[in-house]
Amino acid sequence: MDELADEIRRYIFSNYTNLMTLPEQKTYRSIQEYDRRKEMDPQQVSILADKGVFKEDRNFTQKEIEDFYDAFILRVIDSGEVFFNECPYCGQLARTPKGRQAKCGHAWRDHELVEEDGIKRWVKMGN
Ligand SMILES: [Zn+2]
């Protein structure tokens with residue numbers, strides 16, 4: 001996966017998991033649980049399963065996980081509910097939809113978000 005796709009995935013999964021449908025939430029929880037289990041030794045897993053920490057033993061292939069991520073990302077982008085908060089100077093994605101700075105080092109606290117024809121963009125105030 002290229003760096004931009006990685007960055008988009010990170011952005012959507014850290015800011016937009018609230019847009020998941022119930023079946024998506026369920027699969028996402030299963031994947032997260034699977035991720036935790038596979039880092040542990042089997043004995044530890046079975047102790048935690050007995051304590052009810054792990055509720056299932058569903059396994060995923062890397063491809064199933066990738067496919068799930070891609071399908072969710074495409075669906076929410078398609079829904080139009082994702083705002084890609086890009087630096088108005090260089091286009092780098094900020095960490096959150098409301099952030100006013102990005103890793104590029106630019107900050108745009110003197111900008112306001114303007115929406116025209118359904119498209120949001122940052123405009124420098126006083127212009
Ligand atoms: Zn920038």
# chains A, B, ... in the order shown; residues from 1 in each chain; ligands from 1

call {"tool": "residues_around", "arguments": {"residues": "Leu4 in chain A", "least_positions_apart": "5", "cutoff": "12 Å", "atoms": "only C-alpha atoms", "output": "PDB file with N, CA and C atoms, in the first residue's frame"}}
result
ATOM      1  N   ARG A   9      -6.331   5.790   5.150  1.00  0.00           N
ATOM      2  CA  ARG A   9      -6.875   4.760   6.038  1.00  0.00           C
ATOM      3  C   ARG A   9      -6.789   5.206   7.495  1.00  0.00           C
ATOM      4  N   ARG A  10      -5.619   5.716   7.874  1.00  0.00           N
ATOM      5  CA  ARG A  10      -5.433   6.182   9.249  1.00  0.00           C
ATOM      6  C   ARG A  10      -6.442   7.285   9.578  1.00  0.00           C
ATOM      7  N   TYR A  11      -6.594   8.230   8.654  1.00  0.00           N
ATOM      8  CA  TYR A  11      -7.494   9.366   8.856  1.00  0.00           C
ATOM      9  C   TYR A  11      -8.935   8.887   9.052  1.00  0.00           C
ATOM     10  N   GLY A  91      -1.582  20.797   1.011  1.00  0.00           N
ATOM     11  CA  GLY A  91      -2.462  19.662   0.725  1.00  0.00           C
ATOM     12  C   GLY A  91      -2.281  18.458   1.633  1.00  0.00           C
ATOM     13  N   GLN A  92      -1.358  18.537   2.585  1.00  0.00           N
ATOM     14  CA  GLN A  92      -1.208  17.386   3.475  1.00  0.00           C
ATOM     15  C   GLN A  92      -2.423  17.236   4.393  1.00  0.00           C
ATOM     16  N   LEU A  93      -2.789  15.984   4.639  1.00  0.00           N
ATOM     17  CA  LEU A  93      -3.940  15.687   5.466  1.00  0.00           C
ATOM     18  C   LEU A  93      -3.618  15.970   6.942  1.00  0.00           C
TER      19      LEU A  93
END

call {"tool": "residues_around", "arguments": {"residues": "Asp35 in chain A", "least_positions_apart": "6", "cutoff": "12 Å", "atoms": "only C-alpha atoms", "output": "MDAnalysis selection string"}}
result
chainID A and resid 28:29 45 54 57:62 65

call {"tool": "closest_atom_pairs", "arguments": {"of": "chain A", "to": "ligand 1", "cutoff": "12 Å", "atoms": "only C-alpha atoms and all ligand atoms", "output": "CSV"}}
result
residue,atom,partner,partner_atom_place_in_ligand_line,distance
A:Asn85,CA,ligand 1,1 (Zn),11.0
A:Glu86,CA,ligand 1,1 (Zn),7.9
A:Cys87,CA,ligand 1,1 (Zn),4.6
A:Pro88,CA,ligand 1,1 (Zn),6.6
A:Tyr89,CA,ligand 1,1 (Zn),4.8
A:Cys90,CA,ligand 1,1 (Zn),4.1
A:Gly91,CA,ligand 1,1 (Zn),5.9
A:Gln92,CA,ligand 1,1 (Zn),5.5
A:Leu93,CA,ligand 1,1 (Zn),8.3
A:Ala94,CA,ligand 1,1 (Zn),8.7
A:Arg100,CA,ligand 1,1 (Zn),10.1
A:Gln101,CA,ligand 1,1 (Zn),7.6
A:Ala102,CA,ligand 1,1 (Zn),6.2
A:Lys103,CA,ligand 1,1 (Zn),7.4
A:Cys104,CA,ligand 1,1 (Zn),4.6
A:Gly105,CA,ligand 1,1 (Zn),6.2
A:His106,CA,ligand 1,1 (Zn),4.5
A:Ala107,CA,ligand 1,1 (Zn),7.3
A:Trp108,CA,ligand 1,1 (Zn),8.9

call {"tool": "residues_around", "arguments": {"residues": "Arg75 in chain A", "least_positions_apart": "5", "cutoff": "10 Å", "atoms": "only C-alpha atoms", "output": "PDB file with N, CA and C atoms, in the first residue's frame"}}
result
ATOM      1  N   LEU A  19     -19.272   6.204  11.631  1.00  0.00           N
ATOM      2  CA  LEU A  19     -20.135   6.017  10.448  1.00  0.00           C
ATOM      3  C   LEU A  19     -20.338   4.537  10.110  1.00  0.00           C
ATOM      4  N   MET A  20     -19.756   3.657  10.922  1.00  0.00           N
ATOM      5  CA  MET A  20     -19.893   2.227  10.634  1.00  0.00           C
ATOM      6  C   MET A  20     -21.316   1.759  10.875  1.00  0.00           C
ATOM      7  N   TYR A  69     -11.216  -3.161   5.367  1.00  0.00           N
ATOM      8  CA  TYR A  69     -10.807  -1.754   5.452  1.00  0.00           C
ATOM      9  C   TYR A  69     -11.151  -1.007   4.166  1.00  0.00           C
ATOM     10  N   ASP A  70     -10.781  -1.605   3.036  1.00  0.00           N
ATOM     11  CA  ASP A  70     -11.014  -0.941   1.747  1.00  0.00           C
ATOM     12  C   ASP A  70     -12.498  -0.708   1.487  1.00  0.00           C
ATOM     13  N   GLY A  80     -20.117  10.749   1.054  1.00  0.00           N
ATOM     14  CA  GLY A  80     -19.937  12.193   1.087  1.00  0.00           C
ATOM     15  C   GLY A  80     -19.802  12.751   2.489  1.00  0.00           C
ATOM     16  N   GLU A  81     -19.733  11.874   3.494  1.00  0.00           N
ATOM     17  CA  GLU A  81     -19.689  12.364   4.871  1.00  0.00           C
ATOM     18  C   GLU A  81     -18.275  12.609   5.387  1.00  0.00           C
TER      19      GLU A  81
END

call {"tool": "select_by_dssp", "arguments": {"residues": "chain A", "states": "helix (DSSP H, G or I)", "output": "PyMOL selection string"}}
result
chain A and resi 3-15+17-19+22-38+42-50+62-79

call {"tool": "atom_distance", "arguments": {"atom1": "CA of Gln25 in chain A", "atom2": "CA of Asp2 in chain A"}}
result
25.6 Å

call {"tool": "closest_residue", "arguments": {"among": "A:Asp78, A:Asp67, A:Glu33, A:Asp110", "to": "Lys55 in chain A", "atoms": "only C-alpha atoms"}}
result
A:Glu33

call {"tool": "closest_residue", "arguments": {"among": "A:Ile77, A:Ala5, A:Leu22, A:Val82", "to": "Lys120 in chain A", "atoms": "only C-alpha atoms"}}
result
A:Val82

call {"tool": "select_by_dssp", "arguments": {"residues": "chain A", "states": "strand (DSSP E)", "output": "PyMOL selection string"}}
result
chain A and resi 111-116+119-124

call {"tool": "residues_around", "arguments": {"residues": "Val123 in chain A", "least_positions_apart": "5", "cutoff": "8 Å", "atoms": "only C-alpha atoms", "output": "PyMOL selection string"}}
result
chain A and resi 111-114

call {"tool": "write_last_selection", "arguments": {"atoms": "N, CA and C atoms", "output": "JSON list (two decimals), in the first residue's frame"}}
result
[["chain", "number", "residue", "atom", "x", "y", "z"],
["A", 111, "HIS", "N", -7.68, 30.82, 9.22],
["A", 111, "HIS", "CA", -8.57, 30.47, 8.11],
["A", 111, "HIS", "C", -9.94, 30.08, 8.66],
["A", 112, "GLU", "N", -10.95, 30.21, 7.82],
["A", 112, "GLU", "CA", -12.24, 29.64, 8.21],
["A", 112, "GLU", "C", -12.71, 28.69, 7.13],
["A", 113, "LEU", "N", -13.52, 27.73, 7.58],
["A", 113, "LEU", "CA", -13.99, 26.70, 6.67],
["A", 113, "LEU", "C", -15.23, 27.22, 5.92],
["A", 114, "VAL", "N", -15.15, 27.25, 4.62],
["A", 114, "VAL", "CA", -16.25, 27.76, 3.80],
["A", 114, "VAL", "C", -16.79, 26.61, 2.96]]
